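S.K.: My structure is in run_1.cif, and what it holds is mmCIF, C-alpha atoms:
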data_protein
#
loop_
_atom_site.label_atom_id
_atom_site.label_comp_id
_atom_site.auth_asym_id
_atom_site.auth_seq_id
_atom_site.Cartn_x
_atom_site.Cartn_y
_atom_site.Cartn_z
CA ARG A 11 0.00 0.00 0.00
CA VAL A 12 2.79 2.41 0.90
CA VAL A 13 4.49 1.78 -2.45
CA GLN A 14 1.25 2.25 -4.34
CA MET A 15 0.52 5.47 -2.47
CA ARG A 16 3.99 6.84 -3.28
CA ARG A 17 3.45 6.06 -6.95
CA THR A 18 0.08 7.83 -6.87
CA ILE A 19 1.62 10.92 -5.26
CA LYS A 20 4.46 10.97 -7.81
CA LEU A 21 1.99 10.68 -10.72
CA PHE A 22 -0.11 13.47 -9.24
CA LEU A 23 2.92 15.74 -8.85
CA CYS A 24 4.02 15.01 -12.43
CA PHE A 25 0.52 15.88 -13.64
CA LEU A 26 0.62 19.21 -11.76
CA LEU A 27 4.06 20.01 -13.20
CA VAL A 28 2.92 19.34 -16.77
CA ALA A 29 -0.28 21.37 -16.25
CA ALA A 30 1.67 24.32 -14.82
CA THR A 31 4.10 24.23 -17.73
CA LEU A 32 1.33 24.21 -20.33
CA CYS A 33 -0.58 27.00 -18.60
CA GLY A 34 2.56 29.14 -18.49
CA CYS A 35 2.96 28.91 -22.26
CA SER A 36 -0.67 29.60 -23.06
CA GLY A 37 -0.43 33.29 -22.13
CA ARG A 38 2.62 34.04 -24.23
CA HIS A 39 2.51 36.11 -27.41
CA THR A 40 5.03 35.96 -30.22
CA LEU A 41 5.93 38.84 -32.54
CA SER A 42 3.76 37.29 -35.24
CA ASN A 43 0.59 37.98 -33.25
CA LEU A 44 1.61 41.36 -31.78
CA ALA A 45 1.35 44.83 -33.31
CA VAL A 46 4.47 46.56 -31.94
CA VAL A 47 3.64 50.26 -31.48
CA GLU A 48 6.48 52.72 -32.10
CA GLY A 49 4.50 55.97 -32.04
CA MET A 50 1.00 57.24 -31.29
CA SER A 51 -0.98 60.36 -32.16
CA ILE A 52 -4.16 61.81 -30.65
CA ASP A 53 -6.57 64.09 -32.55
CA ARG A 54 -10.06 65.32 -31.74
CA ALA A 55 -13.01 63.48 -33.28
CA ALA A 56 -16.78 63.95 -33.33
CA ASN A 57 -17.29 61.11 -30.85
CA GLY A 58 -14.22 61.79 -28.69
CA VAL A 59 -10.69 61.18 -29.92
CA SER A 60 -9.02 59.77 -33.00
CA VAL A 61 -5.94 57.69 -32.24
CA SER A 62 -3.34 56.70 -34.82
CA VAL A 63 -0.59 54.17 -34.13
CA GLN A 64 2.63 53.56 -36.02
CA THR A 65 3.44 49.85 -35.84
CA LEU A 66 6.24 47.70 -37.18
CA ASN A 67 5.36 45.97 -40.45
CA MET A 68 6.26 42.36 -39.69
CA THR A 69 5.15 41.19 -43.14
CA LYS A 70 7.57 43.32 -45.17
CA SER A 71 9.13 41.13 -47.84
CA GLY A 72 12.82 40.78 -48.51
CA ASN A 73 15.84 39.07 -47.06
CA GLY A 74 18.73 40.42 -44.99
CA SER A 75 19.47 44.11 -45.57
CA GLU A 76 16.68 44.33 -48.16
CA ALA A 77 14.07 43.80 -45.43
CA LEU A 78 15.64 46.56 -43.34
CA SER A 79 15.72 49.27 -45.99
CA GLY A 80 13.18 52.06 -46.25
CA ASN A 81 10.17 52.53 -44.00
CA ILE A 82 9.26 49.34 -42.11
CA THR A 83 6.16 50.74 -40.37
CA ILE A 84 2.47 51.15 -41.11
CA ASN A 85 0.04 53.74 -39.71
CA THR A 86 -3.50 52.86 -38.67
CA ALA A 87 -6.19 55.10 -37.12
CA GLU A 88 -9.43 54.59 -35.21
CA SER A 89 -11.73 56.78 -33.13
CA GLY A 90 -13.49 56.25 -29.82
CA THR A 91 -14.89 58.00 -26.79
CA GLY A 92 -11.48 57.63 -25.15
CA ILE A 93 -7.97 56.45 -25.90
CA SER A 94 -8.57 52.96 -24.50
CA GLN A 95 -11.62 52.36 -26.69
CA ALA A 96 -9.82 53.61 -29.80
CA LEU A 97 -6.86 51.33 -29.06
CA SER A 98 -9.22 48.39 -28.62
CA LYS A 99 -10.70 49.07 -32.07
CA LEU A 100 -7.20 49.33 -33.54
CA SER A 101 -6.32 45.93 -32.13
CA LYS A 102 -9.34 44.46 -33.90
CA ASP A 103 -8.52 46.26 -37.17
CA LEU A 104 -4.96 44.93 -37.10
CA SER A 105 -6.07 41.46 -35.91
CA ARG A 106 -3.24 41.61 -33.40
CA ASN A 107 -2.77 42.57 -29.78
CA LEU A 108 -1.20 46.02 -29.47
CA PHE A 109 2.18 45.96 -27.72
CA LEU A 110 2.78 49.44 -26.28
CA GLY A 111 5.97 48.55 -24.44
CA GLN A 112 8.02 49.77 -27.41
CA ASN A 113 6.12 53.06 -27.88
CA LYS A 114 8.55 55.99 -27.95
CA ILE A 115 6.43 59.10 -28.56
CA THR A 116 2.86 60.38 -28.30
CA VAL A 117 1.79 63.37 -30.40
CA PHE A 118 -1.14 65.62 -29.46
CA SER A 119 -2.74 67.74 -32.15
CA SER A 120 -2.80 71.49 -31.53
CA SER A 121 -6.61 71.26 -31.29
CA VAL A 122 -6.40 68.64 -28.51
CA ALA A 123 -3.76 70.74 -26.74
CA ARG A 124 -5.90 73.90 -26.87
CA HIS A 125 -9.00 72.12 -25.58
CA GLY A 126 -6.97 70.46 -22.82
CA VAL A 127 -4.82 67.37 -22.46
CA GLY A 128 -5.92 66.73 -18.88
CA ASP A 129 -8.60 64.17 -19.80
CA ASN A 130 -6.12 62.31 -22.01
CA MET A 131 -3.49 62.30 -19.28
CA ASP A 132 -5.82 60.11 -17.20
CA TYR A 133 -5.06 57.27 -19.62
CA PHE A 134 -1.33 57.59 -18.94
CA VAL A 135 -1.99 57.43 -15.19
CA ARG A 136 -4.35 54.47 -15.08
CA SER A 137 -3.47 52.30 -18.07
CA ALA A 138 -1.19 49.36 -17.31
CA ALA A 139 0.10 49.58 -20.90
CA SER A 140 1.32 53.18 -20.49
CA ARG A 141 5.02 53.81 -19.92
CA PRO A 142 6.31 56.81 -17.94
CA ASP A 143 9.29 57.40 -20.26
CA VAL A 144 7.24 57.93 -23.45
CA LEU A 145 7.95 61.41 -24.86
CA LEU A 146 5.11 63.88 -25.41
CA CYS A 147 4.89 66.59 -28.05
CA VAL A 148 2.36 68.78 -29.87
CA ALA A 149 1.86 68.90 -33.63
CA ASP A 150 1.48 72.29 -35.28
CA GLY A 151 -1.81 71.12 -36.78
CA ASN A 152 -2.98 67.53 -37.25
CA ALA A 153 -1.18 64.92 -35.13
CA LYS A 154 -1.98 62.00 -37.45
CA ALA A 155 -0.39 63.83 -40.41
CA LEU A 156 2.75 64.49 -38.37
CA LEU A 157 3.05 60.84 -37.37
CA GLN A 158 2.72 59.87 -41.05
CA SER A 159 5.85 61.85 -41.96
CA LYS A 160 8.30 59.56 -43.75
CA GLU A 161 11.32 61.26 -42.14
CA ASP A 162 13.26 60.96 -45.39
CA ASP A 163 12.35 57.26 -45.67
CA ALA A 164 13.71 56.34 -42.23
CA LEU A 165 13.26 52.77 -41.00
CA VAL A 166 11.10 53.92 -38.07
CA PRO A 167 9.98 57.56 -38.56
CA SER A 168 8.78 58.04 -34.97
CA ALA A 169 12.24 57.04 -33.70
CA ASN A 170 13.71 59.86 -35.81
CA MET A 171 11.36 62.33 -34.12
CA VAL A 172 12.60 61.14 -30.73
CA HIS A 173 16.22 61.60 -31.81
CA LEU A 174 15.36 65.11 -33.07
CA LEU A 175 14.11 66.10 -29.62
CA GLN A 176 16.78 64.31 -27.60
CA ASN A 177 19.75 65.50 -29.66
CA GLY A 178 18.44 69.06 -29.89
CA GLN A 179 17.57 69.74 -26.25
CA ASP A 180 21.13 70.42 -25.05
CA SER A 181 21.50 73.22 -27.61
CA GLY A 182 17.97 74.60 -27.40
CA MET A 183 16.93 73.03 -30.71
CA GLY A 184 14.62 70.46 -29.11
CA ALA A 185 12.90 69.60 -25.83
CA VAL A 186 12.42 66.31 -24.01
CA VAL A 187 9.27 66.00 -21.88
CA SER A 188 8.23 62.51 -20.79
CA VAL A 189 4.88 61.34 -19.45
CA ASN A 190 6.47 61.22 -15.99
CA ASP A 191 7.71 64.83 -16.30
CA ALA A 192 4.25 66.03 -17.34
CA LEU A 193 2.43 64.13 -14.60
CA ARG A 194 4.81 65.49 -11.99
CA ARG A 195 4.01 69.05 -13.00
CA PHE A 196 0.28 68.31 -13.26
CA ALA A 197 0.43 67.16 -9.65
CA SER A 198 1.75 70.57 -8.57
CA PRO A 199 -0.90 73.25 -7.83
CA THR A 200 1.25 75.98 -9.42
CA SER A 201 3.61 74.43 -12.00
CA ASP A 202 2.65 74.22 -15.67
CA ILE A 203 3.95 72.07 -18.48
CA TYR A 204 5.50 72.95 -21.80
CA LEU A 205 5.75 70.51 -24.66
CA PRO A 206 7.90 70.54 -27.81
CA LEU A 207 6.08 71.83 -30.87
CA LEU A 208 6.76 69.94 -34.11
CA LYS A 209 5.83 70.83 -37.67
CA ARG A 210 5.89 68.73 -40.80
CA VAL A 211 8.19 70.22 -43.42
CA GLY A 212 8.27 68.25 -46.65
CA THR A 213 9.36 64.69 -45.93
CA HIS A 214 10.53 65.33 -42.37
CA THR A 215 9.55 67.06 -39.14
CA ALA A 216 11.14 70.13 -37.60
CA PHE A 217 11.22 71.53 -34.05
CA VAL A 218 9.64 75.00 -34.16
CA GLY A 219 9.37 75.96 -30.48
CA LEU A 220 7.41 75.14 -27.35
CA ALA A 221 3.70 74.79 -26.68
CA LEU A 222 2.97 76.60 -23.39
CA PHE A 223 0.18 75.42 -21.09
CA ASP A 224 -1.88 77.08 -18.38
CA GLY A 225 -3.25 74.19 -16.37
CA GLY A 226 -4.01 71.52 -18.94
CA LYS A 227 -4.67 73.81 -21.91
CA MET A 228 -2.22 75.20 -24.45
CA THR A 229 -2.47 79.00 -24.34
CA ALA A 230 0.49 80.15 -26.45
CA THR A 231 3.61 79.09 -28.29
CA ALA A 232 7.19 80.19 -27.70
CA ASN A 233 9.42 80.97 -30.68
CA MET A 234 12.94 79.60 -30.92
CA THR A 235 14.49 82.56 -29.06
CA ASP A 236 12.12 82.30 -26.11
CA THR A 237 12.42 78.51 -26.22
CA PHE A 238 16.17 78.83 -25.67
CA GLY A 239 15.55 81.10 -22.68
CA ILE A 240 12.95 78.77 -21.14
CA LEU A 241 15.19 75.73 -21.52
CA LEU A 242 18.12 77.76 -20.15
CA MET A 243 16.23 78.69 -16.98
CA ASN A 244 15.18 75.05 -16.56
CA GLY A 245 18.83 73.99 -16.68
CA LYS A 246 18.43 72.04 -19.92
CA ILE A 247 20.92 73.96 -22.07
CA LYS A 248 24.41 72.44 -22.19
CA SER A 249 25.69 73.93 -25.45
CA GLY A 250 24.57 76.29 -28.18
CA LEU A 251 25.69 79.24 -30.26
CA LEU A 252 25.20 82.87 -29.23
CA THR A 253 25.46 85.62 -31.85
CA LEU A 254 26.71 88.97 -30.57
CA GLN A 255 27.35 92.37 -32.18
CA ASN A 256 30.04 94.98 -31.53
CA ASP A 257 31.00 98.05 -33.57
CA LYS A 258 34.72 97.31 -33.41
CA LEU A 259 34.62 93.52 -33.76
CA GLY A 260 31.52 93.12 -35.94
CA HIS A 261 29.49 89.92 -35.69
CA ILE A 262 30.76 87.61 -32.96
CA GLY A 263 29.93 83.95 -32.50
CA VAL A 264 30.49 82.31 -29.12
CA GLU A 265 29.63 78.73 -28.22
CA LEU A 266 28.49 77.55 -24.81
CA VAL A 267 30.95 74.94 -23.54
CA SER A 268 29.26 74.41 -20.19
CA CYS A 269 26.38 76.06 -18.38
CA LYS A 270 25.27 75.88 -14.75
CA VAL A 271 21.98 77.42 -13.62
CA ARG A 272 20.70 78.15 -10.12
CA THR A 273 17.18 79.42 -9.44
CA LYS A 274 15.37 80.58 -6.33
CA SER A 275 12.05 82.23 -5.50
CA ALA A 276 11.12 84.60 -2.67
CA ILE A 277 8.41 87.06 -1.64
CA GLU A 278 9.67 90.64 -1.52
CA ASN A 279 7.51 93.74 -1.07
CA GLY A 280 4.38 91.67 -1.50
CA ARG A 281 5.27 90.00 -4.80
CA SER A 282 7.19 86.98 -6.00
CA VAL A 283 10.76 87.43 -7.17
CA PHE A 284 12.37 84.77 -9.33
CA ARG A 285 16.16 84.84 -9.27
CA VAL A 286 18.18 82.98 -11.86
CA THR A 287 21.98 82.83 -11.89
CA VAL A 288 23.81 81.49 -14.92
CA GLN A 289 27.50 80.57 -14.96
CA ALA A 290 28.75 79.78 -18.44
CA GLN A 291 32.05 78.86 -20.00
CA LEU A 292 32.38 79.94 -23.61
CA MET A 293 34.46 79.23 -26.67
CA LEU A 294 35.11 82.18 -28.98
CA ASP A 295 34.03 80.69 -32.27
CA GLU A 296 34.21 83.49 -34.81
CA VAL A 297 34.91 87.23 -34.95
CA GLN A 298 33.96 89.06 -38.14
CA LYS A 299 36.82 91.59 -37.88
CA GLY A 300 39.22 89.27 -36.08
CA TYR A 301 41.98 89.83 -38.65
CA ILE A 302 41.62 93.60 -38.47
CA SER A 303 41.24 94.02 -34.73
CA THR A 304 43.52 91.72 -32.75
CA ILE A 305 41.69 89.81 -30.05
CA ASP A 306 43.44 90.90 -26.88
CA ASN A 307 42.40 90.58 -23.24
CA ARG A 308 40.40 93.82 -23.44
CA SER A 309 38.45 92.47 -26.40
CA ILE A 310 37.86 89.20 -24.55
CA ALA A 311 36.42 91.14 -21.60
CA VAL A 312 34.12 93.07 -23.94
CA ILE A 313 32.85 89.85 -25.54
CA GLU A 314 32.25 88.28 -22.13
CA ARG A 315 30.11 91.26 -21.07
CA LEU A 316 28.17 91.10 -24.34
CA ALA A 317 27.51 87.39 -23.77
CA GLU A 318 26.34 88.04 -20.21
CA GLN A 319 23.87 90.67 -21.40
CA LYS A 320 22.67 88.35 -24.16
CA LEU A 321 21.89 85.59 -21.66
CA VAL A 322 20.14 88.06 -19.33
CA ASP A 323 17.99 89.27 -22.25
CA LEU A 324 17.14 85.69 -23.20
CA CYS A 325 16.00 84.92 -19.65
CA THR A 326 13.93 88.07 -19.18
CA GLY A 327 12.35 87.78 -22.63
CA ALA A 328 11.42 84.15 -22.07
CA TYR A 329 10.01 84.94 -18.61
CA ALA A 330 7.77 87.63 -20.11
CA CYS A 331 6.60 85.10 -22.70
CA LEU A 332 5.67 82.64 -19.93
CA GLN A 333 3.82 85.35 -17.98
CA ALA A 334 1.81 86.35 -21.06
CA ALA A 335 0.79 82.70 -21.50
CA GLY A 336 -0.01 82.22 -17.80
CA CYS A 337 2.44 79.32 -17.82
CA ASP A 338 4.69 78.78 -14.82
CA GLY A 339 7.07 76.73 -16.91
CA VAL A 340 10.07 77.44 -14.67
CA GLN A 341 8.32 76.32 -11.45
CA VAL A 342 8.48 79.63 -9.61
CA GLY A 343 5.66 78.55 -7.31
CA ALA A 344 7.19 75.18 -6.48
CA GLN A 345 10.49 76.82 -5.53
CA LEU A 346 8.66 79.43 -3.47
CA ALA A 347 6.95 76.63 -1.55
CA MET A 348 10.36 75.28 -0.56
CA SER A 349 12.07 78.58 0.29
CA ASP A 350 9.15 80.51 1.84
CA PRO A 351 6.22 78.25 2.84
CA ALA A 352 4.34 81.07 4.55
CA GLY A 353 4.66 83.37 1.54
CA TYR A 354 3.65 80.55 -0.77
CA ALA A 355 0.53 79.80 1.29
CA ALA A 356 -0.52 83.46 0.96
CA VAL A 357 -0.42 83.48 -2.87
CA LYS A 358 -1.17 79.83 -3.72
CA ALA A 359 -4.95 80.29 -4.05
CA ASP A 360 -4.55 82.86 -6.85
CA TRP A 361 -1.22 81.82 -8.28
CA ASN A 362 -1.94 82.99 -11.84
CA ARG A 363 -2.30 86.56 -10.61
CA ALA A 364 0.76 86.26 -8.38
CA PHE A 365 2.84 84.81 -11.22
CA SER A 366 1.69 87.55 -13.60
CA ALA A 367 2.81 90.18 -11.09
CA SER A 368 6.14 88.49 -10.30
CA VAL A 369 9.50 89.81 -11.45
CA ILE A 370 12.68 88.15 -12.61
CA GLN A 371 16.21 89.02 -11.58
CA ALA A 372 18.72 87.40 -13.90
CA VAL A 373 22.48 87.49 -13.32
CA CYS A 374 24.91 85.85 -15.74
CA HIS A 375 28.65 85.26 -15.42
CA CYS A 376 30.52 84.30 -18.58
CA ARG A 377 34.14 83.37 -19.10
CA ILE A 378 35.82 82.59 -22.40
CA THR A 379 38.02 79.54 -21.84
CA LYS A 380 38.68 78.51 -25.44
CA ILE A 381 39.39 80.23 -28.72
CA ASN A 382 39.20 78.38 -32.02
CA ASP A 383 41.16 79.02 -35.21
CA ASN A 384 38.60 81.43 -36.67
CA SER A 385 39.70 84.19 -34.26
CA ILE A 386 43.14 85.49 -33.31
CA ARG A 387 44.20 86.24 -29.78
CA GLU A 388 47.21 88.46 -29.08
#
As a first step, turn the structure in this file into structure tokens.
M.R.:
Amino acid sequence: RVVQMRRTIKLFLCFLLVAATLCGCSGRHTLSNLAVVEGMSIDRAANGVSVSVQTLNMTKSGNGSEALSGNITINTAESGTGISQALSKLSKDLSRNLFLGQNKITVFSSSVARHGVGDNMDYFVRSAASRPDVLLCVADGNAKALLQSKEDDALVPSANMVHLLQNGQDSGMGAVVSVNDALRRFASPTSDIYLPLLKRVGTHTAFVGLALFDGGKMTATANMTDTFGILLMNGKIKSGLLTLQNDKLGHIGVELVSCKVRTKSAIENGRSVFRVTVQAQLMLDEVQKGYISTIDNRSIAVIERLAEQKLVDLCTGAYACLQAAGCDGVQVGAQLAMSDPAGYAAVKADWNRAFSASVIQAVCHCRITKINDNSIRE
């Protein structure tokens, strides 16, 4: 009996092991039955939203390098009362389960941005398929049309858009704002978001500035000059070219080698004061009259002062742009909450008015540490 019982137990355990193994495989999906999403766009529709997804085309013919040449994606659109319903319809249209784990970028149309992205952000908070590192941007017009850009026949066009924003941010020619960044600012009672603004130009997309938001609605756009200033005050600028002018030296080009930014907020005389201090190391790139006027230490000092004033003007101009849009895109309120809790509590209830009445004090210190071959130093 004991032997028979042992055999029964062993057979039962073997049965459980086989059952567990088979059940574990049943939930798996292979690439052949998944629609791998690389990019997504959101437009307004009569019944809610229209969602377009850019997915990898797994059926593209060819062998070896031939299969990896040209665009390997397809774009499909559906509408629904919300993003989740539209995605469900897309899954049925494609006859595949959508895999959003590879999604790199989500594009809002300018119409969606103006009417408010707050309702759409709820999807990014609650959906298990949403990833916090997906980049967000606004299309200057229709989002679906922007996502359909061929990006000069790139393999994955949406990946090119991501590279455009990532590679350009350090020099003020792009901006990187993830879902996590946006949600963090939405959670603040005073901070506002800005998103990169992209425009379709021929067969590729171009970065044309920032979309500025008051609460969850886009209220204005910042041009490239103000964009540089906003990114500078947020500590995002690491390099970039400044163009200066001097009667003796003519046009002067200096390049930012490194840039450190410190910001602080305080209540003074009943209003908020935003202080920004910039310390920059520069490389003298080009001097129009460098062969006529020798670049000596006095000239270097003049150029450094010109660069300091240029950076101050960029900061003050960008701050005025943010105030006009009602967009606290440099988190003046959040910094005030840390440095002066009592002062913050007094203005928090009507922060838009307090931010509109606030002032900026910008101080910049520049030092030329390098000179290239286009200019001559004595």
S.K.: With only C-alpha atoms as the counted atoms, please give the residues lying no more than 9 Å from Arg377 in chain A, apart from itself and same-chain residues fewer than 5 positions off, as an mmCIF file with C-alpha atoms, in the frame of the given file.
M.R.:
data_model
loop_
_atom_site.group_PDB
_atom_site.id
_atom_site.type_symbol
_atom_site.label_atom_id
_atom_site.label_comp_id
_atom_site.auth_asym_id
_atom_site.auth_seq_id
_atom_site.Cartn_x
_atom_site.Cartn_y
_atom_site.Cartn_z
ATOM 1 C CA GLN A 289 27.500 80.570 -14.960
ATOM 2 C CA ALA A 290 28.750 79.780 -18.440
ATOM 3 C CA GLN A 291 32.050 78.860 -20.000
ATOM 4 C CA LEU A 292 32.380 79.940 -23.610
ATOM 5 C CA MET A 293 34.460 79.230 -26.670
ATOM 6 C CA ILE A 310 37.860 89.200 -24.550
ATOM 7 C CA ALA A 311 36.420 91.140 -21.600
ATOM 8 C CA GLU A 314 32.250 88.280 -22.130
#
S.K.: In Å to one decimal, how far is CA of Ser62 in chain A from CA of His173 in chain A?
M.R.: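 Separation of CA of His173 in chain A and CA of Ser62 in chain A: 20.4 Å.
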S.K.: Taking 4 positions as the minimum chain separation for residues in the same chain, which residues sit within 9 Å of Ile247 in chain A when counting only C-alpha atoms? Answer as a ChimeraX atom specification.
M.R.: /A:179-182,238-239,241-243,266,268-270
S.K.: Out of A:Ile277, A:Ile115, A:Leu251, A:Ala364, which residue has the shortest atom-to-atom distance to Leu321 in chain A when counting all atoms listed in the file?
M.R.: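 Distance minimum relative to Leu321 in chain A lands on A:Leu251.
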S.K.: Which residues would end up in the selection if the PyMOL selection byres ((chain A and resi 78-88) around 6) were applied here, given that I need the answer as a list in words?
M.R.: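 When the PyMOL selection byres ((chain A and resi 78-88) around 6) is applied, the selected residues are Ser60, Val61, Ser62, Val63, Gln64, Thr65, Leu66, Asn67, Ser75, Glu76, Ala77, Ser89, Ala96, Leu100, Asp163, Ala164 and Leu165 of chain A.
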S.K.: Rounded to one decimal place, report the CA of Asp129 in chain A-CA of Val117 in chain A distance in Å.
M.R.: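 Separation of CA of Asp129 in chain A and CA of Val117 in chain A: 14.9 Å.
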S.K.: For a cutoff of 9 Å around the file-coordinate point (11.9, 71.4, -36.9), which residues qualify once you count only C-alpha atoms? I'd like the result as a list of chain:residue names.
M.R.: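 The residues that fall inside the cut-off are A:Leu174, A:Met183, A:Gly184, A:Leu207, A:Leu208, A:Lys209, A:Arg210, A:Val211, A:His214, A:Thr215, A:Ala216, A:Phe217, A:Val218, A:Gly219.
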S.K.: Go ahead and fit an axis-aligned box to every listed atom of range 92-109 of chain A plus 8 Å each side, and pass me the centre and edge lengths in Å, one decimal, as AutoDock Vina command-line options.
M.R.:
--center_x -4.7 --center_y 49.5 --center_z -30.8 --size_x 29.8 --size_y 32.2 --size_z 28.7
S.K.: Arg285 in chain A: which residues within 7 Å, counting all atoms listed in the file, same-chain residues fewer than 4 positions away excluded, as a PyMOL selection string?
M.R.: chain A and resi 273-275+370-372
S.K.: Counting all atoms listed in the file, what are the residues of range 152-247 of chain A within 12 Å of range 42-58 of chain A, and for each of them which pair of atoms is the nearest and at what distance in Å, to one decimal? Sort the table by chain and rising number, as CSV.
M.R.:
residue,atom,partner,partner_atom,distance
A:Asn152,CA,A:Asp53,CA,6.8
A:Ala153,CA,A:Ser51,CA,5.4
A:Lys154,CA,A:Ser51,CA,5.6
A:Ala155,CA,A:Ser51,CA,9.0
A:Leu156,CA,A:Ser51,CA,8.3
A:Leu157,CA,A:Ser51,CA,6.6
A:Gln158,CA,A:Ser51,CA,9.6
A:Ser159,CA,A:Gly49,CA,11.6
A:Leu165,CA,A:Glu48,CA,11.2
A:Val166,CA,A:Glu48,CA,7.6
A:Pro167,CA,A:Gly49,CA,8.7
A:Ser168,CA,A:Gly49,CA,5.6
A:Ala169,CA,A:Glu48,CA,7.4
A:Asn170,CA,A:Gly49,CA,10.7
A:Met171,CA,A:Gly49,CA,9.6
A:Val172,CA,A:Gly49,CA,9.7
S.K.: At what distance in Å, to one decimal, does CA of Ala328 in chain A lie from CA of Asp257 in chain A?
M.R.: 26.6 Å
S.K.: Can you pull out the residues contacting Leu220 in chain A? Cut-off 9 Å, using all atoms listed in the file, and skip same-chain residues under 3 positions away; I want them as a PyMOL selection string.
M.R.: chain A and resi 147-148+184-185+204-208+217+230-234+236-237
S.K.: Store the residues picked out above in a file with C-alpha atoms, as a PDB file, in the coordinates of the input.
M.R.:
ATOM      1  CA  CYS A 147       4.890  66.590 -28.050  1.00  0.00           C
ATOM      2  CA  VAL A 148       2.360  68.780 -29.870  1.00  0.00           C
ATOM      3  CA  GLY A 184      14.620  70.460 -29.110  1.00  0.00           C
ATOM      4  CA  ALA A 185      12.900  69.600 -25.830  1.00  0.00           C
ATOM      5  CA  TYR A 204       5.500  72.950 -21.800  1.00  0.00           C
ATOM      6  CA  LEU A 205       5.750  70.510 -24.660  1.00  0.00           C
ATOM      7  CA  PRO A 206       7.900  70.540 -27.810  1.00  0.00           C
ATOM      8  CA  LEU A 207       6.080  71.830 -30.870  1.00  0.00           C
ATOM      9  CA  LEU A 208       6.760  69.940 -34.110  1.00  0.00           C
ATOM     10  CA  PHE A 217      11.220  71.530 -34.050  1.00  0.00           C
ATOM     11  CA  ALA A 230       0.490  80.150 -26.450  1.00  0.00           C
ATOM     12  CA  THR A 231       3.610  79.090 -28.290  1.00  0.00           C
ATOM     13  CA  ALA A 232       7.190  80.190 -27.700  1.00  0.00           C
ATOM     14  CA  ASN A 233       9.420  80.970 -30.680  1.00  0.00           C
ATOM     15  CA  MET A 234      12.940  79.600 -30.920  1.00  0.00           C
ATOM     16  CA  ASP A 236      12.120  82.300 -26.110  1.00  0.00           C
ATOM     17  CA  THR A 237      12.420  78.510 -26.220  1.00  0.00           C
TER      18      THR A 237
END
S.K.: Rank nothing, just name the residue among A:Gly226, A:Gly280, A:Pro199, A:Gly250 nearest to Ala347 in chain A, using all atoms listed in the file.
M.R.: A:Pro199
S.K.: What does the PyMOL selection byres ((chain A and resi 287) around 6) select in this file, as a list of chain:residue names?
M.R.: A:Val271, A:Arg272, A:Val286, A:Val288, A:Ala372, A:Val373, A:Cys374
S.K.: Evaluate the PyMOL selection byres ((chain A and resi 346) around 12) against this structure - the residues, as a PyMOL selection string, please.
M.R.: chain A and resi 200-201+273-278+281-285+340-345+347-358+361+364-365+368
S.K.: Which of these, A:Asp323, A:Asp202, A:Asp103, A:Glu265, has the shortest distance to Met228 in chain A once you count only C-alpha atoms?
M.R.: A:Asp202
S.K.: Do you know which residues lie at most 9 Å from (-2.4, 81.6, -13.4), with coordinates as in the file and all atoms listed in the file counted, and could you write them as number ranges by chain?
M.R.: A: 200, 224-225, 333, 335-338, 360-366
S.K.: Please output range 79-86 of chain A, rebuilt to include N, CA, C and O atoms, as a short mmCIF file (atom, residue, chain, number, x, y, z; two decimals), in the coordinates of the input.
M.R.:
data_model
loop_
_atom_site.label_atom_id
_atom_site.label_comp_id
_atom_site.auth_asym_id
_atom_site.auth_seq_id
_atom_site.Cartn_x
_atom_site.Cartn_y
_atom_site.Cartn_z
N SER A 79 15.46 48.06 -45.23
CA SER A 79 15.72 49.27 -45.99
C SER A 79 14.39 49.98 -46.21
O SER A 79 13.37 49.35 -46.44
N GLY A 80 14.41 51.30 -46.10
CA GLY A 80 13.18 52.06 -46.25
C GLY A 80 12.29 51.93 -45.02
O GLY A 80 12.66 51.35 -44.00
N ASN A 81 11.10 52.51 -45.12
CA ASN A 81 10.17 52.53 -44.00
C ASN A 81 9.63 51.13 -43.71
O ASN A 81 9.11 50.45 -44.61
N ILE A 82 9.75 50.67 -42.48
CA ILE A 82 9.26 49.34 -42.11
C ILE A 82 8.07 49.44 -41.16
O ILE A 82 7.82 48.56 -40.35
N THR A 83 7.31 50.54 -41.25
CA THR A 83 6.16 50.74 -40.37
C THR A 83 4.89 50.97 -41.18
O THR A 83 4.94 51.30 -42.37
N ILE A 84 3.76 50.80 -40.53
CA ILE A 84 2.47 51.15 -41.11
C ILE A 84 1.71 51.99 -40.09
O ILE A 84 1.91 51.86 -38.88
N ASN A 85 0.83 52.88 -40.58
CA ASN A 85 0.04 53.74 -39.71
C ASN A 85 -1.44 53.38 -39.84
O ASN A 85 -1.95 53.24 -40.96
N THR A 86 -2.10 53.23 -38.70
CA THR A 86 -3.50 52.86 -38.67
C THR A 86 -4.22 53.76 -37.67
O THR A 86 -3.67 54.07 -36.60
#
